[in-house]
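The structure under discussion appears below in the form of structure tokens.
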Amino acid sequence: MGKIRLLDRDTIGKIAAGEVVEGSASVVKELVENAIDAGSRRIAIMLEEGGRERVTVIDDGCGIEPDDVELAFQRHATSKIADASDLWAVKTLGFRGEALPVLAAVSRMTLATRPAGRASGTEIRLEGGQVLGIGEVGCPPGTRVVVEDLFFNVPPRRLGLRSARAEAARAAEVAGWLALARPEVAVRLASGGREVLASPGSGRRLDAVAAVLGATEASRLVEVCSPPVTGYLGPPNVHASRRSALTTVVNGRPVRDRVVAGAVEDAYRTLLPTGRFPMGTLWLELPPEEVDVNVHPAKLTVAHRDPQAIRRLVRSAVEAALGRVAPARPFWSAPPEVAEGGAAYADRSQQAAMWDQPANAEIRHSWDFRVVGQVHRKYVVLEAPDGVYLMDQHAAHERIAYERMAEENPGGGTQLLLIPPVLELQPGERAGADEFRELLEAAGFILEPFGGNSLLVRGVPAAVADVASADFLRAVLARLGDGRGTDIDRLRRLLAACRAALKAGKELTREEMEALTRELGATRRPGTCAHGRPTLLRIGGDELERRFGRT
């Protein structure tokens, strides 16, 4: 007897559900997308036990005609596309005709629906995909779907559901994405009777952002206005600990878009500390034929016909927005204990919060510094009309070196060395040098084989010529091979950091401190080093007066 057999319809339905449904968030996503496609302007979502027990979605959309209700639960039945050619220009959120049948296959479902022009509605009840009953019912225009006991008939998947709190949090996140994607639709979500999300449906994108992030956080965001790329993003001093804090909406569809996310991170690359990520929402309006939404069963990602063009477009738009930024906030952030009212750190937080990390545009308005002196061979004390500044000489050297390499000499300006040093490498190091040779040459190095595993360094990037010893180059090669990426921008940041490290801890003359201050002021972004750390901290004149009891 053969080993290959056809699966029965019930098993096929459960497998299809596994492609689309992971938990309460998936149920919310599919039902809310259907509601939006039905023309709804108000959508209410209710969760019980985080959706593990029950998910209810009520909308005021067009409803389903009585003759179509049972058909809606047949596989691949849809009102959203007619033939294969429509797949290349999908404009609705859903189109696969999978949501209702796959959800019904793994739950107990009740759907009541009424088109606006009819006096009564139709109700259908299903269990595990099987119709238990269908008939006429009184209900308001629109559709109400109740999904109960998710995965009751697939025990392993039921056990895989997270806690009620975790399921509710994920469902709220997805509902927030959809509210951001369609700010003209009022989306409300309640979990256990408590309202979690209330997007007003005003049509104003910033209102939707405020509903998802909170009014205070939304007020700090920077507008991106370079159509077809628009949105609101955090300035460099407002960032997040996870990449998912950035929401991308492409043609009205919230998606995980690596091309867009990568471009945004590129624009922030030298402005954020390591391990922190941009936050906010970007909307892209592109010709439908330029975007493929068919690359994921649940339509969570898209593919671009020309990803490099999109990357350039997004990065340019974000950089233009960041160029207008001028916020300021306390540099030192209190730990959770302080934020929650703990007293253990209260005195420290009050003392440390006197220092501000000023932003780039803000700094430029007070670039009238008088050098006072140096502290611990690390910091330069500066006097300015608006207060006292501390400059981190390591971070300042790093910013200066990075911009010299990236902007003054974008092609990798080279300085030839009068006495070329010989770089003697271990076999593994030599292999790394060969691997990154094109990258090193693009940055401005001229390297020649010199027998065995040795290289003759005939030229180096002009910005690091004063420190480009054999040890310096060996350190750069070691950090290039750490597996964290090897593009030209990262190499420039590594070179700048290595140069600055050699300058750290050096006692500076007044002339050197003044030169360092002037050179930092000539950079585009004097407020941070190439890795996003602050170069300057400030205590304002008013704060000095208050601290010394003069106010």
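Following the order of the structure tokens, first chain is A, next is B, and so on, with residues numbered from 1 inside each chain and ligands from 1 in the order they appear.
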
Can you pull out the residues contacting stretch 145-162 of chain A? Cut-off 7 Å, using only C-alpha atoms, and skip same-chain residues under 2 positions away; I want them as a VMD selection string.
chain A and resid 23 52 to 58 106 to 112 128 143 164 166 to 167

Using only C-alpha atoms, which residues sit within 6 Å of stretch 372-378 of chain A once same-chain residues fewer than 4 positions away are excluded, as an NGL selection string?
:A and (382 or 393 or 505-507)

Out of stretch 97-331 of chain A, which residues get helix (DSSP H, G or I) from DSSP, as a PyMOL selection string?
chain A and resi 99-105+155-159+164-181+205-213+215-219+243-245+258-268+288-290+307-322

What is the atom CA of A:Glu173-atom CA of A:Leu197 distance in Å, reported with one decimal?
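Separation between atom CA of A:Glu173 and atom CA of A:Leu197: 9.4 Å.
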
Close residues, A:Arg370 itself excluded, 9 Å, only C-alpha atoms, min 4 positions apart in chain, as a list of chain:residue names
A:Val381, A:Leu382, A:Glu383, A:Ala384, A:Glu514

Which is closer to A:Gly117 than all the others in A:Gly214, A:Gly323, A:Gly541, A:Gly142, using only C-alpha atoms?
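Result for the nearest residue to A:Gly117: A:Gly142.
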
For A:Ala395, please output as a PyMOL selection string all residues within 8 Å (counting only C-alpha atoms; exclusion window: fewer than 2 positions along the same chain).
chain A and resi 392-393+397-399+500+528-530+533-535

Let's have the selection written as a tab-separated table (two decimals), in the first residue's frame, with C-alpha atoms.
chain	number	residue	atom	x	y	z
A	392	ASP	CA	33.22	64.35	26.00
A	393	GLN	CA	36.52	64.60	24.11
A	397	HIS	CA	36.81	63.22	18.24
A	398	GLU	CA	34.63	60.35	16.98
A	399	ARG	CA	31.99	62.66	15.47
A	500	ALA	CA	38.82	58.58	19.22
A	528	THR	CA	26.12	62.87	19.24
A	529	CYS	CA	29.06	60.70	18.32
A	530	ALA	CA	28.93	58.24	15.41
A	533	ARG	CA	26.19	58.76	22.44
A	534	PRO	CA	26.06	62.42	23.55
A	535	THR	CA	29.03	64.68	22.92

Best match for closeness to A:Cys498 among A:Leu300, A:Ala468, A:Leu537, A:Met513, counting only C-alpha atoms
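Closest candidate: A:Ala468.
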
Tell me which protein, DNA and RNA residues are within 12 Å of A:Gly262, counting only C-alpha atoms, leaving out same-chain ones fewer than 2 positions away, and put them as a list in words.
Arg243, Leu246, Thr248, Arg256, Asp257, Arg258, Val259, Val260, Val264, Glu265, Asp266, Ala267, Tyr268, Arg269, Phe277, Pro278, Pro307, Gln308, Ile310, Arg311, Arg312, Leu313, Val314, Arg315 and Val318 of chain A

Limited to C-alpha atoms, could you put the picked residues into a file as a PDB file, in the first residue's frame?
ATOM      1  CA  ARG A 243      12.436  47.302  16.375  1.00  0.00           C
ATOM      2  CA  LEU A 246       8.315  51.358  14.213  1.00  0.00           C
ATOM      3  CA  THR A 248       5.094  50.747   8.569  1.00  0.00           C
ATOM      4  CA  ARG A 256       6.681  44.353   8.584  1.00  0.00           C
ATOM      5  CA  ASP A 257       8.813  45.921   5.866  1.00  0.00           C
ATOM      6  CA  ARG A 258      12.521  45.176   6.189  1.00  0.00           C
ATOM      7  CA  VAL A 259      13.413  47.539   3.365  1.00  0.00           C
ATOM      8  CA  VAL A 260      11.676  50.496   4.997  1.00  0.00           C
ATOM      9  CA  VAL A 264      14.937  54.303   8.746  1.00  0.00           C
ATOM     10  CA  GLU A 265      17.663  52.706  10.863  1.00  0.00           C
ATOM     11  CA  ASP A 266      20.260  53.914   8.350  1.00  0.00           C
ATOM     12  CA  ALA A 267      19.006  57.486   8.774  1.00  0.00           C
ATOM     13  CA  TYR A 268      19.275  57.216  12.579  1.00  0.00           C
ATOM     14  CA  ARG A 269      22.490  55.187  12.577  1.00  0.00           C
ATOM     15  CA  PHE A 277      15.724  51.818  17.727  1.00  0.00           C
ATOM     16  CA  PRO A 278      13.579  54.465  15.995  1.00  0.00           C
ATOM     17  CA  PRO A 307      13.802  47.741  -3.028  1.00  0.00           C
ATOM     18  CA  GLN A 308      16.903  49.904  -3.463  1.00  0.00           C
ATOM     19  CA  ILE A 310      12.443  52.497  -1.875  1.00  0.00           C
ATOM     20  CA  ARG A 311      15.378  52.403   0.542  1.00  0.00           C
ATOM     21  CA  ARG A 312      16.827  55.611  -0.926  1.00  0.00           C
ATOM     22  CA  LEU A 313      13.413  57.294  -0.952  1.00  0.00           C
ATOM     23  CA  VAL A 314      12.687  56.491   2.700  1.00  0.00           C
ATOM     24  CA  ARG A 315      16.147  57.336   3.989  1.00  0.00           C
ATOM     25  CA  VAL A 318      13.645  60.591   7.236  1.00  0.00           C
TER      26      VAL A 318
END

Can you check which residues of stretch 114-344 of chain A DSSP gives as strand (DSSP E or B) on the backbone and send them as JSON, numbers by chain?
{"A": [114, 121, 122, 123, 124, 125, 126, 127, 130, 131, 132, 133, 134, 135, 136, 137, 142, 143, 144, 145, 146, 147, 148, 186, 187, 188, 189, 190, 191, 194, 195, 196, 197, 198, 199, 222, 223, 224, 225, 226, 229, 230, 231, 232, 233, 240, 246, 247, 248, 249, 250, 253, 254, 255, 256, 277, 280, 281, 282, 283, 284, 291, 292, 301, 303, 304, 328, 329, 330]}

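Take atom CA of A:Val249 and atom CA of A:Ser26: the distance between them is 17.7 Å.
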